[in-house]
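Enquirer: As input, take target.cif (mmCIF, C-alpha atoms and all ligand atoms):
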```cif
data_query
#
loop_
_atom_site.label_atom_id
_atom_site.label_comp_id
_atom_site.auth_asym_id
_atom_site.auth_seq_id
_atom_site.Cartn_x
_atom_site.Cartn_y
_atom_site.Cartn_z
CA MET U 1 97.22 137.85 98.79
CA LYS U 2 93.77 137.86 97.16
CA GLN U 3 95.15 137.44 93.65
CA LYS U 4 96.78 134.29 94.90
CA THR U 5 93.46 132.78 95.97
CA GLN U 6 92.57 131.21 92.66
CA THR U 7 96.02 129.68 92.27
CA ALA U 8 95.88 128.37 95.82
CA VAL U 9 92.57 126.64 95.18
CA LEU U 10 94.00 125.05 92.05
CA VAL U 11 96.98 123.87 94.10
CA LEU U 12 94.64 122.33 96.65
CA ILE U 13 92.69 120.54 93.92
CA ALA U 14 96.00 119.25 92.55
CA VAL U 15 96.87 117.90 96.02
CA ILE U 16 93.68 115.84 96.00
CA ALA U 17 94.15 114.63 92.45
CA THR U 18 97.85 113.78 92.85
CA ALA U 19 97.29 111.84 96.03
CA ALA U 20 94.36 109.97 94.57
CA ILE U 21 96.29 109.04 91.43
CA VAL U 22 99.67 108.30 93.05
CA GLY U 23 98.27 106.47 96.02
CA GLY U 24 95.36 104.84 94.20
CA ILE U 25 93.28 106.03 97.11
CA SER U 26 89.58 105.41 97.38
CA TYR U 27 87.77 106.85 100.32
CA VAL U 28 84.47 108.02 101.66
CA ILE U 29 84.19 111.52 103.05
CA ILE U 30 82.68 111.40 106.50
CA SER U 31 80.34 114.28 107.16
CA PRO U 32 79.19 115.01 110.67
CA SER U 33 75.48 114.37 110.91
CA GLU U 34 75.02 115.05 114.58
CA GLU U 35 72.45 117.69 115.52
CA ASP U 36 74.06 118.42 118.84
CA THR U 37 75.63 121.87 118.85
CA ASP U 38 78.24 121.34 121.56
CA ILE U 39 80.55 119.23 119.50
CA LEU U 40 84.21 119.45 118.71
CA GLU U 41 85.06 117.65 115.49
CA ILE U 42 88.73 117.03 114.73
CA TYR U 43 90.56 115.09 112.02
CA HIS U 44 93.95 113.43 112.45
CA TRP U 45 95.93 110.45 111.18
CA TRP U 46 97.16 109.13 114.50
CA THR U 47 96.00 105.52 114.34
CA SER U 48 99.07 103.42 115.26
CA GLY U 49 99.30 102.15 118.84
CA GLY U 50 101.53 104.94 120.13
CA GLU U 51 99.81 107.66 118.13
CA ALA U 52 96.32 106.62 119.29
CA ALA U 53 97.46 106.56 122.91
CA ALA U 54 98.88 110.08 122.58
CA ILE U 55 95.86 111.71 120.95
CA GLY U 56 93.65 109.86 123.44
CA ALA U 57 95.54 111.51 126.30
CA LEU U 58 95.21 114.94 124.68
CA VAL U 59 91.48 114.50 124.16
CA ASP U 60 91.21 113.40 127.80
CA VAL U 61 92.68 116.75 128.88
CA PHE U 62 90.15 118.59 126.71
CA GLU U 63 87.25 116.53 128.03
CA GLY U 64 88.41 117.10 131.60
CA LEU U 65 88.19 120.85 131.03
CA TYR U 66 84.99 120.80 128.96
CA PRO U 67 82.95 117.79 130.08
CA GLY U 68 79.82 119.05 128.31
CA THR U 69 81.45 118.94 124.87
CA THR U 70 81.41 115.77 122.79
CA VAL U 71 84.68 115.21 120.91
CA LYS U 72 84.21 113.57 117.53
CA GLN U 73 87.56 112.22 116.40
CA ARG U 74 87.85 111.32 112.73
CA ALA U 75 91.03 109.24 112.61
CA ILE U 76 92.17 108.49 109.05
CA SER U 77 94.96 105.93 108.94
CA GLY U 78 97.91 106.50 106.62
CA GLY U 79 101.20 107.68 108.10
CA SER U 80 102.42 111.18 107.38
CA GLY U 81 98.87 112.13 106.37
CA ILE U 82 99.03 110.46 102.96
CA THR U 83 95.35 109.52 103.09
CA MET U 84 93.98 112.26 105.33
CA ILE U 85 95.49 115.25 103.54
CA PRO U 86 93.50 114.79 100.28
CA ILE U 87 90.35 114.01 102.26
CA ILE U 88 90.64 117.11 104.40
CA THR U 89 91.52 119.24 101.39
CA ALA U 90 88.29 118.17 99.70
CA LEU U 91 86.30 118.95 102.83
CA VAL U 92 87.87 122.37 103.31
CA LEU U 93 87.29 123.29 99.67
CA ALA U 94 83.68 122.15 99.95
CA GLY U 95 83.16 124.47 102.93
CA GLU U 96 82.82 121.49 105.26
CA ALA U 97 86.00 121.90 107.27
CA PRO U 98 85.94 120.27 110.70
CA ASP U 99 86.61 122.45 113.75
CA ALA U 100 90.32 121.64 113.50
CA PHE U 101 92.56 119.16 111.72
CA GLN U 102 96.08 117.86 112.08
CA MET U 103 98.56 119.70 109.90
CA HIS U 104 102.31 120.15 109.88
CA ALA U 105 103.54 123.58 110.81
CA GLY U 106 105.25 125.26 107.88
CA TYR U 107 104.43 125.10 104.20
CA GLU U 108 101.70 122.48 104.46
CA GLY U 109 99.08 125.10 105.33
CA ILE U 110 100.10 127.76 102.85
CA ALA U 111 97.60 126.87 100.12
CA TYR U 112 94.73 127.03 102.64
CA TYR U 113 96.04 130.36 103.88
CA GLU U 114 96.37 131.82 100.41
CA ALA U 115 92.83 130.71 99.59
CA ASP U 116 91.53 132.47 102.74
CA LEU U 117 90.48 129.15 104.26
CA LEU U 118 92.17 129.66 107.66
CA GLU U 119 91.46 132.21 110.38
CA ASP U 120 94.35 133.83 112.15
CA ILE U 121 94.78 132.79 115.77
CA ASN U 122 96.85 135.75 116.98
CA ASP U 123 94.48 136.16 119.94
CA ILE U 124 95.10 132.59 121.10
CA TRP U 125 98.85 133.14 120.96
CA THR U 126 98.52 136.43 122.87
CA ASP U 127 95.94 135.33 125.46
CA ASN U 128 97.96 132.23 126.29
CA ASN U 129 101.32 134.02 126.24
CA LEU U 130 102.66 131.43 123.84
CA GLU U 131 105.55 133.48 122.49
CA ALA U 132 107.12 133.35 125.95
CA VAL U 133 107.27 129.54 125.99
CA ILE U 134 107.48 128.36 122.37
CA PRO U 135 110.93 128.36 120.72
CA ASP U 136 111.52 130.94 117.98
CA VAL U 137 112.05 128.31 115.32
CA VAL U 138 108.58 126.87 115.99
CA GLN U 139 107.00 130.32 116.26
CA SER U 140 108.12 131.18 112.76
CA MET U 141 106.83 127.87 111.39
CA CYS U 142 103.36 128.70 112.78
CA GLN U 143 103.00 132.01 110.91
CA PHE U 144 102.12 133.22 107.47
CA ASP U 145 103.03 136.83 106.68
CA GLY U 146 103.58 137.61 110.36
CA ASP U 147 100.25 136.30 111.68
CA TYR U 148 99.75 133.08 113.59
CA TYR U 149 97.65 130.37 111.95
CA MET U 150 98.79 127.25 113.80
CA ALA U 151 98.89 125.96 117.34
CA PRO U 152 101.83 123.52 117.66
CA VAL U 153 101.49 120.41 119.80
CA ASN U 154 105.04 119.03 119.62
CA ILE U 155 108.45 118.86 118.03
CA HIS U 156 109.38 115.52 116.47
CA ARG U 157 112.93 114.62 115.46
CA SER U 158 113.18 113.11 111.99
CA ASN U 159 116.85 112.01 111.79
CA VAL U 160 116.79 109.01 114.09
CA VAL U 161 118.16 105.46 113.66
CA TRP U 162 116.23 102.98 115.85
CA TYR U 163 118.10 99.83 116.73
CA ASN U 164 117.44 96.57 118.53
CA LEU U 165 120.05 96.63 121.28
CA ILE U 166 119.73 92.96 122.21
CA GLU U 167 120.39 91.80 118.65
CA LEU U 168 123.31 94.21 118.24
CA THR U 169 124.83 93.05 121.49
CA ASP U 170 124.47 89.44 120.33
CA ILE U 171 126.62 90.17 117.27
CA GLY U 172 129.16 92.12 119.32
CA VAL U 173 128.31 95.61 118.02
CA ASP U 174 128.21 98.63 120.32
CA PRO U 175 125.79 100.96 118.45
CA LYS U 176 127.29 104.05 120.04
CA THR U 177 130.53 103.35 118.14
CA ILE U 178 128.69 103.66 114.82
CA GLY U 179 128.42 107.40 115.38
CA ASP U 180 128.49 109.41 112.19
CA ASN U 181 129.86 106.57 110.11
CA TRP U 182 127.90 104.81 107.35
CA THR U 183 130.73 102.27 106.93
CA ALA U 184 130.39 101.15 110.57
CA PHE U 185 126.62 101.09 110.09
CA PHE U 186 126.89 98.80 107.05
CA ASP U 187 129.49 96.61 108.82
CA ALA U 188 126.91 96.01 111.57
CA CYS U 189 124.33 95.12 108.89
CA ASP U 190 126.74 92.60 107.34
CA ALA U 191 127.44 91.02 110.73
CA PHE U 192 123.73 90.71 111.53
CA GLU U 193 122.81 89.24 108.15
CA LEU U 194 125.70 86.77 108.35
CA ALA U 195 124.67 85.66 111.84
CA THR U 196 120.92 85.44 111.29
CA GLY U 197 120.14 85.35 107.57
CA ASN U 198 117.61 88.15 108.17
CA ASP U 199 117.42 91.56 106.47
CA ALA U 200 119.24 94.07 108.67
CA ILE U 201 117.21 97.19 107.83
CA ALA U 202 113.43 97.63 107.98
CA LEU U 203 111.89 100.00 105.42
CA GLY U 204 108.28 100.79 104.63
CA GLU U 205 106.07 102.41 102.01
CA ALA U 206 106.84 105.30 99.65
CA TRP U 207 106.74 108.24 102.08
CA THR U 208 109.07 106.41 104.51
CA GLN U 209 111.52 105.94 101.63
CA ALA U 210 111.42 109.68 100.91
CA HIS U 211 111.85 110.30 104.65
CA LEU U 212 114.98 108.13 104.55
CA PHE U 213 116.35 109.96 101.50
CA GLU U 214 115.79 113.31 103.21
CA GLN U 215 117.85 112.26 106.24
CA ILE U 216 120.67 110.89 104.07
CA LEU U 217 120.77 114.14 102.10
CA ALA U 218 120.86 116.19 105.32
CA GLY U 219 123.87 114.04 106.28
CA GLN U 220 125.71 115.56 103.30
CA GLY U 221 125.79 118.82 105.23
CA ILE U 222 123.47 121.63 106.23
CA ASP U 223 124.51 123.72 103.22
CA VAL U 224 123.46 120.96 100.86
CA TYR U 225 120.09 120.61 102.56
CA GLU U 226 119.57 124.36 102.62
CA ASP U 227 120.41 124.68 98.93
CA TRP U 228 118.07 121.80 98.11
CA ILE U 229 115.05 123.34 99.82
CA ASN U 230 115.87 126.72 98.34
CA GLY U 231 115.86 125.22 94.85
CA VAL U 232 119.62 125.59 94.29
CA ASN U 233 121.24 122.82 92.22
CA VAL U 234 122.86 120.10 94.39
CA ASN U 235 122.59 117.33 91.82
CA ALA U 236 125.99 115.78 92.62
CA GLU U 237 125.15 115.51 96.33
CA ILE U 238 121.74 114.04 95.48
CA ILE U 239 123.48 111.32 93.44
CA THR U 240 125.76 110.57 96.41
CA ALA U 241 122.73 110.34 98.70
CA LEU U 242 120.96 108.03 96.24
CA ASN U 243 124.02 105.78 96.14
CA THR U 244 123.87 105.49 99.94
CA LEU U 245 120.14 104.79 99.70
CA ASN U 246 120.91 102.10 97.15
CA THR U 247 123.35 100.42 99.55
CA ILE U 248 120.67 100.54 102.26
CA LEU U 249 118.17 98.91 99.90
CA GLY U 250 120.51 95.93 99.65
CA TYR U 251 119.88 95.27 103.36
CA CYS U 252 116.10 95.91 103.40
CA ASN U 253 113.01 93.76 103.54
CA PRO U 254 111.72 93.09 99.99
CA ASP U 255 108.14 94.22 100.74
CA LEU U 256 108.63 97.96 100.40
CA ASP U 257 104.95 98.74 100.86
CA ILE U 258 104.49 98.12 104.57
CA PRO U 259 103.24 100.94 106.86
CA TRP U 260 105.87 102.73 108.94
CA ASN U 261 104.79 101.10 112.20
CA VAL U 262 105.01 97.61 110.71
CA ALA U 263 108.62 98.41 109.75
CA THR U 264 109.28 99.66 113.29
CA ASP U 265 107.78 96.47 114.64
CA LEU U 266 110.44 94.46 112.78
CA ILE U 267 112.98 96.16 115.07
CA ILE U 268 110.86 95.65 118.18
CA GLN U 269 110.64 91.93 117.36
CA GLY U 270 114.36 91.68 116.56
CA ASP U 271 113.73 90.52 112.99
CA SER U 272 115.86 93.43 111.74
CA ILE U 273 118.24 95.72 113.61
CA PHE U 274 117.85 99.20 112.10
CA ASN U 275 114.96 101.44 111.09
CA ILE U 276 115.36 105.11 110.13
CA MET U 277 112.20 106.93 111.17
CA GLY U 278 110.97 110.00 113.01
CA ASP U 279 110.57 109.68 116.73
CA TRP U 280 106.87 108.85 116.59
CA ALA U 281 108.46 105.37 116.47
CA ASN U 282 109.17 105.70 120.18
CA GLY U 283 105.44 105.45 120.84
CA GLU U 284 105.44 101.96 119.31
CA PHE U 285 108.34 100.82 121.51
CA LEU U 286 106.44 102.13 124.55
CA VAL U 287 103.25 100.30 123.60
CA ALA U 288 105.34 97.13 123.24
CA THR U 289 106.77 97.87 126.75
CA ALA U 290 110.30 97.82 125.35
CA GLU U 291 112.86 99.53 127.56
CA TYR U 292 115.08 102.31 126.21
CA ASP U 293 118.83 101.55 126.37
CA VAL U 294 117.99 97.97 127.35
CA ASP U 295 115.89 96.55 124.50
CA TYR U 296 116.35 99.33 121.99
CA GLY U 297 118.15 102.59 121.48
CA THR U 298 118.82 105.44 119.08
CA ILE U 299 121.59 107.30 117.32
CA ALA U 300 121.34 110.18 114.87
CA VAL U 301 121.38 109.21 111.20
CA PRO U 302 125.06 109.10 110.16
CA GLY U 303 126.22 112.58 109.18
CA THR U 304 123.46 114.34 111.16
CA ASP U 305 124.73 114.07 114.72
CA ASP U 306 124.86 117.84 115.12
CA MET U 307 121.45 118.37 113.50
CA TYR U 308 117.80 118.20 114.50
CA GLY U 309 115.34 117.36 111.74
CA LEU U 310 112.15 119.25 112.57
CA VAL U 311 108.64 117.83 112.21
CA VAL U 312 106.06 119.94 114.04
CA ASP U 313 102.46 118.77 114.34
CA ALA U 314 99.85 121.49 114.69
CA PHE U 315 96.14 122.29 114.51
CA GLN U 316 94.44 125.41 113.21
CA HIS U 317 91.11 127.22 113.04
CA PRO U 318 89.63 126.73 109.56
CA ALA U 319 87.30 129.43 108.22
CA ASN U 320 83.56 129.08 108.87
CA VAL U 321 83.68 126.06 111.15
CA ALA U 322 80.53 124.75 112.82
CA HIS U 323 81.82 125.18 116.38
CA PRO U 324 84.23 128.13 116.46
CA ARG U 325 84.35 128.40 120.25
CA ASN U 326 85.27 124.75 120.58
CA SER U 327 87.84 125.10 117.82
CA ASP U 328 89.54 127.83 119.85
CA ARG U 329 89.29 125.84 123.06
CA TRP U 330 90.88 122.85 121.34
CA LEU U 331 93.78 124.98 120.07
CA GLU U 332 94.33 126.31 123.59
CA VAL U 333 94.51 122.76 124.95
CA VAL U 334 96.79 121.68 122.08
CA ALA U 335 99.24 124.47 122.90
CA SER U 336 98.92 124.16 126.69
CA LYS U 337 101.50 122.77 129.09
CA GLU U 338 99.04 120.23 130.44
CA GLY U 339 97.95 119.09 126.98
CA GLN U 340 101.50 118.77 125.66
CA ASP U 341 102.76 116.98 128.76
CA ALA U 342 99.94 114.44 128.37
CA PHE U 343 100.46 113.95 124.62
CA ASN U 344 104.20 114.04 124.02
CA PRO U 345 105.56 111.47 126.48
CA LEU U 346 103.39 108.91 124.66
CA LYS U 347 103.98 110.30 121.17
CA GLY U 348 107.79 110.28 121.18
CA SER U 349 108.08 114.00 120.46
CA ILE U 350 109.31 116.67 122.82
CA SER U 351 106.92 119.37 123.93
CA ALA U 352 106.82 122.51 121.78
CA ARG U 353 107.04 124.45 125.04
CA THR U 354 110.10 125.27 127.11
CA ASP U 355 108.27 124.88 130.43
CA SER U 356 107.34 121.20 130.19
CA ASN U 357 107.52 118.91 133.20
CA LEU U 358 110.48 116.72 132.22
CA THR U 359 109.78 114.17 134.94
CA LEU U 360 106.76 113.03 132.92
CA TYR U 361 108.92 112.07 129.95
CA LYS U 362 110.52 108.67 129.34
CA PRO U 363 114.27 108.03 129.07
CA TYR U 364 114.29 108.41 125.28
CA HIS U 365 113.36 112.07 125.62
CA ASP U 366 116.47 112.88 127.68
CA TRP U 367 118.41 112.54 124.44
CA THR U 368 116.08 114.71 122.34
CA PHE U 369 115.48 117.45 124.91
CA ALA U 370 119.27 117.75 125.34
CA ASP U 371 120.02 117.67 121.60
CA PHE U 372 117.29 120.20 120.79
CA GLU U 373 119.14 122.62 123.06
CA SER U 374 122.66 121.77 121.92
CA VAL U 375 122.71 120.95 118.19
CA THR U 376 124.19 123.49 115.81
CA TYR U 377 121.65 123.06 113.00
CA MET U 378 117.92 122.49 112.64
CA PHE U 379 116.42 121.48 109.30
CA PRO U 380 112.73 121.52 108.41
CA SER U 381 111.38 118.31 106.92
CA VAL U 382 110.15 118.45 103.34
CA VAL U 383 108.45 115.06 103.55
CA HIS U 384 106.53 116.23 106.64
CA GLY U 385 105.26 119.46 105.22
CA SER U 386 107.58 122.17 106.50
CA GLY U 387 110.52 122.74 104.19
CA ALA U 388 108.64 123.06 100.90
CA PRO U 389 105.07 123.09 99.58
CA GLN U 390 102.91 119.95 99.76
CA SER U 391 103.26 119.20 96.05
CA PHE U 392 107.03 118.86 96.57
CA SER U 393 106.53 116.22 99.25
CA SER U 394 104.10 114.06 97.29
CA GLU U 395 106.14 114.22 94.07
CA LEU U 396 109.34 113.46 95.97
CA SER U 397 107.76 110.34 97.48
CA SER U 398 106.74 109.11 94.10
CA ILE U 399 110.19 109.78 92.56
CA ILE U 400 112.06 108.06 95.42
CA ASN U 401 109.63 105.14 95.33
CA GLY U 402 110.46 104.69 91.62
CA PHE U 403 114.15 104.54 92.53
CA CYS U 404 113.59 102.10 95.40
CA LEU U 405 111.54 99.81 93.16
CA GLY U 406 114.33 99.86 90.58
CA SER U 407 112.48 101.69 87.83
CA THR U 408 114.80 104.72 87.66
CA SER U 409 118.59 104.96 87.85
CA ALA U 410 120.39 107.19 90.36
CA THR U 411 121.29 109.69 87.62
CA ALA U 412 117.75 109.89 86.25
CA THR U 413 116.27 110.09 89.76
CA ALA U 414 118.66 112.89 90.72
CA THR U 415 117.62 114.85 87.64
CA LEU U 416 113.96 114.45 88.55
CA ILE U 417 114.61 115.63 92.13
CA THR U 418 116.77 118.55 90.98
CA ASN U 419 114.11 119.66 88.50
CA LEU U 420 111.38 119.26 91.12
CA ALA U 421 113.22 121.56 93.53
CA ALA U 422 114.03 124.11 90.83
CA ASN U 423 110.47 124.18 89.47
CA ASN U 424 108.96 124.55 92.91
CA ALA U 425 111.39 127.27 93.96
CA ALA U 426 109.42 129.84 92.00
CA ASP U 427 106.47 129.25 94.35
CA TYR U 428 108.45 129.46 97.58
CA THR U 429 107.88 132.39 99.87
CA THR U 430 110.54 131.31 102.37
CA VAL U 431 114.24 131.35 101.63
CA TRP U 432 115.71 129.20 104.36
CA ALA U 433 118.87 130.19 106.18
CA LEU U 434 119.74 127.17 108.28
CA ASP U 435 123.17 128.11 109.53
C1 LIG B 501 104.19 112.49 110.66
C2 LIG B 501 103.54 113.19 111.84
C3 LIG B 501 103.75 112.39 113.07
C4 LIG B 501 103.39 110.94 112.87
C5 LIG B 501 103.93 110.38 111.56
C6 LIG B 501 103.45 108.99 111.21
O1 LIG B 501 103.97 113.20 109.49
O2 LIG B 501 104.13 114.45 111.98
O3 LIG B 501 103.01 112.95 114.13
O4 LIG B 501 102.04 110.83 112.95
O5 LIG B 501 103.60 111.22 110.49
O6 LIG B 501 102.08 108.93 111.04
#
```
Mind turning the file's structure into structure tokens?
Expert:
Amino acid sequence: MKQKTQTAVLVLIAVIATAAIVGGISYVIISPSEEDTDILEIYHWWTSGGEAAAIGALVDVFEGLYPGTTVKQRAISGGSGITMIPIITALVLAGEAPDAFQMHAGYEGIAYYEADLLEDINDIWTDNNLEAVIPDVVQSMCQFDGDYYMAPVNIHRSNVVWYNLIELTDIGVDPKTIGDNWTAFFDACDAFELATGNDAIALGEAWTQAHLFEQILAGQGIDVYEDWINGVNVNAEIITALNTLNTILGYCNPDLDIPWNVATDLIIQGDSIFNIMGDWANGEFLVATAEYDVDYGTIAVPGTDDMYGLVVDAFQHPANVAHPRNSDRWLEVVASKEGQDAFNPLKGSISARTDSNLTLYKPYHDWTFADFESVTYMFPSVVHGSGAPQSFSSELSSIINGFCLGSTSATATATLITNLAANNAADYTTVWALD
């Protein structure tokens, strides 16, 4: 592992540089200046209405247990971590890591691990008996080389279509009949646009476009998705997925730079009828006091009905943090039943534990808890840090954004994506077997 350290640091520096160039990001690194020693400092990107409510509830649980500790939350807006990830990478490399930071379980942490910048948390997993209550698929996403480095807080579902039920009912469409059928989906779009003159589908900035592409590709079949993340050539299927994406673009809002929650709000307001987004969107519907199966509802992205797209949020114990005891305490709360049952009903995700109190969850979660148990296939999100290394996710977003903005053809875009997967495959340590 040691010989990988130098490469890992270079990879981390590339993450910062790529994000800064691609996103045109300018930012100020916030350094804690407080003298007080009993502090817990955490970084996250949960700043939308639903996200902020959820992390607030989790922090409340921590503060209830440790009232003498001051929690310093550094919340960096930018969905999917697009702004926070380069900031935190710079801090970690500078030896100024906070006590814990939000990270996706899976590949996202591998460069930190390979550079010896994370401490293993095997003792936390053992002391809290986590293997007994956390599903195997999540357990494996929290490890590197057989040791635990992450404490998971949830399981989000990525392959969700959010719809405005009142608008669909007005145009005589029963969303449940759309099922696994893109044609029925586009027929509903046509009917809505004819009746209202509005764009039927809400879509946001670059990473949300890559998120959409990922779901469409998964809809081509689990074998296609598995081959893609293993670096096997699926160019023809990528072209098919891009053609579907192109049809979707014909129904979308023209301002393809809006944040994910602004796109979700177009559905809440009834300005559009469909938004494809992970189930953090449910938090926004809750904040807007919309009622599930009355005002809005969900189906799986066409082609993915029997699949669960996995996005797992986690925290970890960086090396040499200022408050190691509080870092550990935070991870215990993050992974606890009480913490998860406070956080997840507001966040839209299901708990990463099998012993959660289901009565605390809202109607939306009945669907996801049931599907998590019953679907045949799970697929790890690339865009949200699990299925492939971080560099893959940021380059994919930029390639798909080029396609959505009309600068690259489907054939040229597919070649870029195929080459990206093939080039990255040499760095992969996981060969996924999804079926
Ligand atoms: C995802 C993250 C979710 C949610 C979303 C939008 O990457 O896993 O928890 O925060 O970004 O910000």
Enquirer: Under the rule that all atoms listed in the file are counted, which of U:Pro302, U:Gly221, U:Gly297, U:Pro324 is the nearest residue to U:Met378?
Expert: U:Gly221
Enquirer: Output the neighbourhood of ligand LIG 501 (chain B) as a PDB file with C-alpha atoms, keeping the file's coordinate frame, that is, all protein and nucleic acid residues with some atom at most 10 Å from the ligand, counting only C-alpha atoms and all ligand atoms.
Expert:
```pdb
ATOM      1  CA  HIS U  44      93.950 113.430 112.450  1.00  0.00           C
ATOM      2  CA  TRP U  45      95.930 110.450 111.180  1.00  0.00           C
ATOM      3  CA  TRP U  46      97.160 109.130 114.500  1.00  0.00           C
ATOM      4  CA  THR U  47      96.000 105.520 114.340  1.00  0.00           C
ATOM      5  CA  SER U  48      99.070 103.420 115.260  1.00  0.00           C
ATOM      6  CA  GLY U  50     101.530 104.940 120.130  1.00  0.00           C
ATOM      7  CA  GLU U  51      99.810 107.660 118.130  1.00  0.00           C
ATOM      8  CA  ALA U  52      96.320 106.620 119.290  1.00  0.00           C
ATOM      9  CA  ALA U  54      98.880 110.080 122.580  1.00  0.00           C
ATOM     10  CA  ILE U  55      95.860 111.710 120.950  1.00  0.00           C
ATOM     11  CA  SER U  77      94.960 105.930 108.940  1.00  0.00           C
ATOM     12  CA  GLY U  78      97.910 106.500 106.620  1.00  0.00           C
ATOM     13  CA  GLY U  79     101.200 107.680 108.100  1.00  0.00           C
ATOM     14  CA  SER U  80     102.420 111.180 107.380  1.00  0.00           C
ATOM     15  CA  GLY U  81      98.870 112.130 106.370  1.00  0.00           C
ATOM     16  CA  ILE U  82      99.030 110.460 102.960  1.00  0.00           C
ATOM     17  CA  GLN U 102      96.080 117.860 112.080  1.00  0.00           C
ATOM     18  CA  MET U 103      98.560 119.700 109.900  1.00  0.00           C
ATOM     19  CA  HIS U 104     102.310 120.150 109.880  1.00  0.00           C
ATOM     20  CA  ALA U 105     103.540 123.580 110.810  1.00  0.00           C
ATOM     21  CA  VAL U 153     101.490 120.410 119.800  1.00  0.00           C
ATOM     22  CA  ASN U 154     105.040 119.030 119.620  1.00  0.00           C
ATOM     23  CA  ILE U 155     108.450 118.860 118.030  1.00  0.00           C
ATOM     24  CA  HIS U 156     109.380 115.520 116.470  1.00  0.00           C
ATOM     25  CA  ARG U 157     112.930 114.620 115.460  1.00  0.00           C
ATOM     26  CA  SER U 158     113.180 113.110 111.990  1.00  0.00           C
ATOM     27  CA  TRP U 207     106.740 108.240 102.080  1.00  0.00           C
ATOM     28  CA  THR U 208     109.070 106.410 104.510  1.00  0.00           C
ATOM     29  CA  HIS U 211     111.850 110.300 104.650  1.00  0.00           C
ATOM     30  CA  PRO U 259     103.240 100.940 106.860  1.00  0.00           C
ATOM     31  CA  TRP U 260     105.870 102.730 108.940  1.00  0.00           C
ATOM     32  CA  ASN U 261     104.790 101.100 112.200  1.00  0.00           C
ATOM     33  CA  MET U 277     112.200 106.930 111.170  1.00  0.00           C
ATOM     34  CA  GLY U 278     110.970 110.000 113.010  1.00  0.00           C
ATOM     35  CA  ASP U 279     110.570 109.680 116.730  1.00  0.00           C
ATOM     36  CA  TRP U 280     106.870 108.850 116.590  1.00  0.00           C
ATOM     37  CA  ALA U 281     108.460 105.370 116.470  1.00  0.00           C
ATOM     38  CA  GLY U 283     105.440 105.450 120.840  1.00  0.00           C
ATOM     39  CA  LEU U 310     112.150 119.250 112.570  1.00  0.00           C
ATOM     40  CA  VAL U 311     108.640 117.830 112.210  1.00  0.00           C
ATOM     41  CA  VAL U 312     106.060 119.940 114.040  1.00  0.00           C
ATOM     42  CA  ASP U 313     102.460 118.770 114.340  1.00  0.00           C
ATOM     43  CA  ALA U 314      99.850 121.490 114.690  1.00  0.00           C
ATOM     44  CA  LYS U 347     103.980 110.300 121.170  1.00  0.00           C
ATOM     45  CA  GLY U 348     107.790 110.280 121.180  1.00  0.00           C
ATOM     46  CA  SER U 349     108.080 114.000 120.460  1.00  0.00           C
ATOM     47  CA  SER U 381     111.380 118.310 106.920  1.00  0.00           C
ATOM     48  CA  VAL U 383     108.450 115.060 103.550  1.00  0.00           C
ATOM     49  CA  HIS U 384     106.530 116.230 106.640  1.00  0.00           C
ATOM     50  CA  GLY U 385     105.260 119.460 105.220  1.00  0.00           C
TER      51      GLY U 385
END
```
Enquirer: Using atom CA of U:Val375 and atom CA of U:Glu291 as the two end points, give the distance in Å to one decimal.
Expert: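 Calculated distance between atom CA of U:Val375 and atom CA of U:Glu291 is 25.4 Å.
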Enquirer: Tell me, in Å to one decimal, how far atom CA of U:Ala300 is from atom CA of U:Val161.
Expert: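 Value for the atom CA of U:Ala300-atom CA of U:Val161 distance: 5.8 Å.
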Enquirer: Considering only C-alpha atoms, can you say which of U:Ala263, U:Ser386, U:Ile248, U:Trp330 comes closest to U:Cys142?
Expert: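 Distance minimum relative to U:Cys142 lands on U:Ser386.
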Enquirer: Please report the interatomic distance between atom CA of U:Val59 and atom CA of U:Ala100 in Å with one decimal.
Expert: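 About the pair atom CA of U:Val59 and atom CA of U:Ala100: they are 12.9 Å apart.
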Enquirer: Name the residues within 12 Å of (117.1, 118.6, 122.2), counting only C-alpha atoms in the file's coordinates, and put them as a PyMOL selection string.
Expert: chain U and resi 135+155-157+300+305-310+349-354+364-378
Enquirer: If we count only C-alpha atoms, what is near U:Tyr43 at a cut-off of 10 Å, once residues fewer than 5 positions away on the same chain are taken out, given as a list of chain:residue names?
Expert: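 Final neighbour list, sorted by chain and number: U:Lys72, U:Gln73, U:Arg74, U:Ala75, U:Ile76, U:Met84, U:Ile85, U:Ile87, U:Ile88, U:Ala97, U:Pro98, U:Asp99, U:Ala100, U:Phe101, U:Gln102, U:Met103, U:Phe315.
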Enquirer: Got time to write the residues from that selection, C-alpha atoms, as a short mmCIF file (atom, residue, chain, number, x, y, z; two decimals), in the frame of the given file?
Expert:
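part29.cif, freshly written:
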```cif
data_model
loop_
_atom_site.label_atom_id
_atom_site.label_comp_id
_atom_site.auth_asym_id
_atom_site.auth_seq_id
_atom_site.Cartn_x
_atom_site.Cartn_y
_atom_site.Cartn_z
CA LYS U 72 84.21 113.57 117.53
CA GLN U 73 87.56 112.22 116.40
CA ARG U 74 87.85 111.32 112.73
CA ALA U 75 91.03 109.24 112.61
CA ILE U 76 92.17 108.49 109.05
CA MET U 84 93.98 112.26 105.33
CA ILE U 85 95.49 115.25 103.54
CA ILE U 87 90.35 114.01 102.26
CA ILE U 88 90.64 117.11 104.40
CA ALA U 97 86.00 121.90 107.27
CA PRO U 98 85.94 120.27 110.70
CA ASP U 99 86.61 122.45 113.75
CA ALA U 100 90.32 121.64 113.50
CA PHE U 101 92.56 119.16 111.72
CA GLN U 102 96.08 117.86 112.08
CA MET U 103 98.56 119.70 109.90
CA PHE U 315 96.14 122.29 114.51
#
```
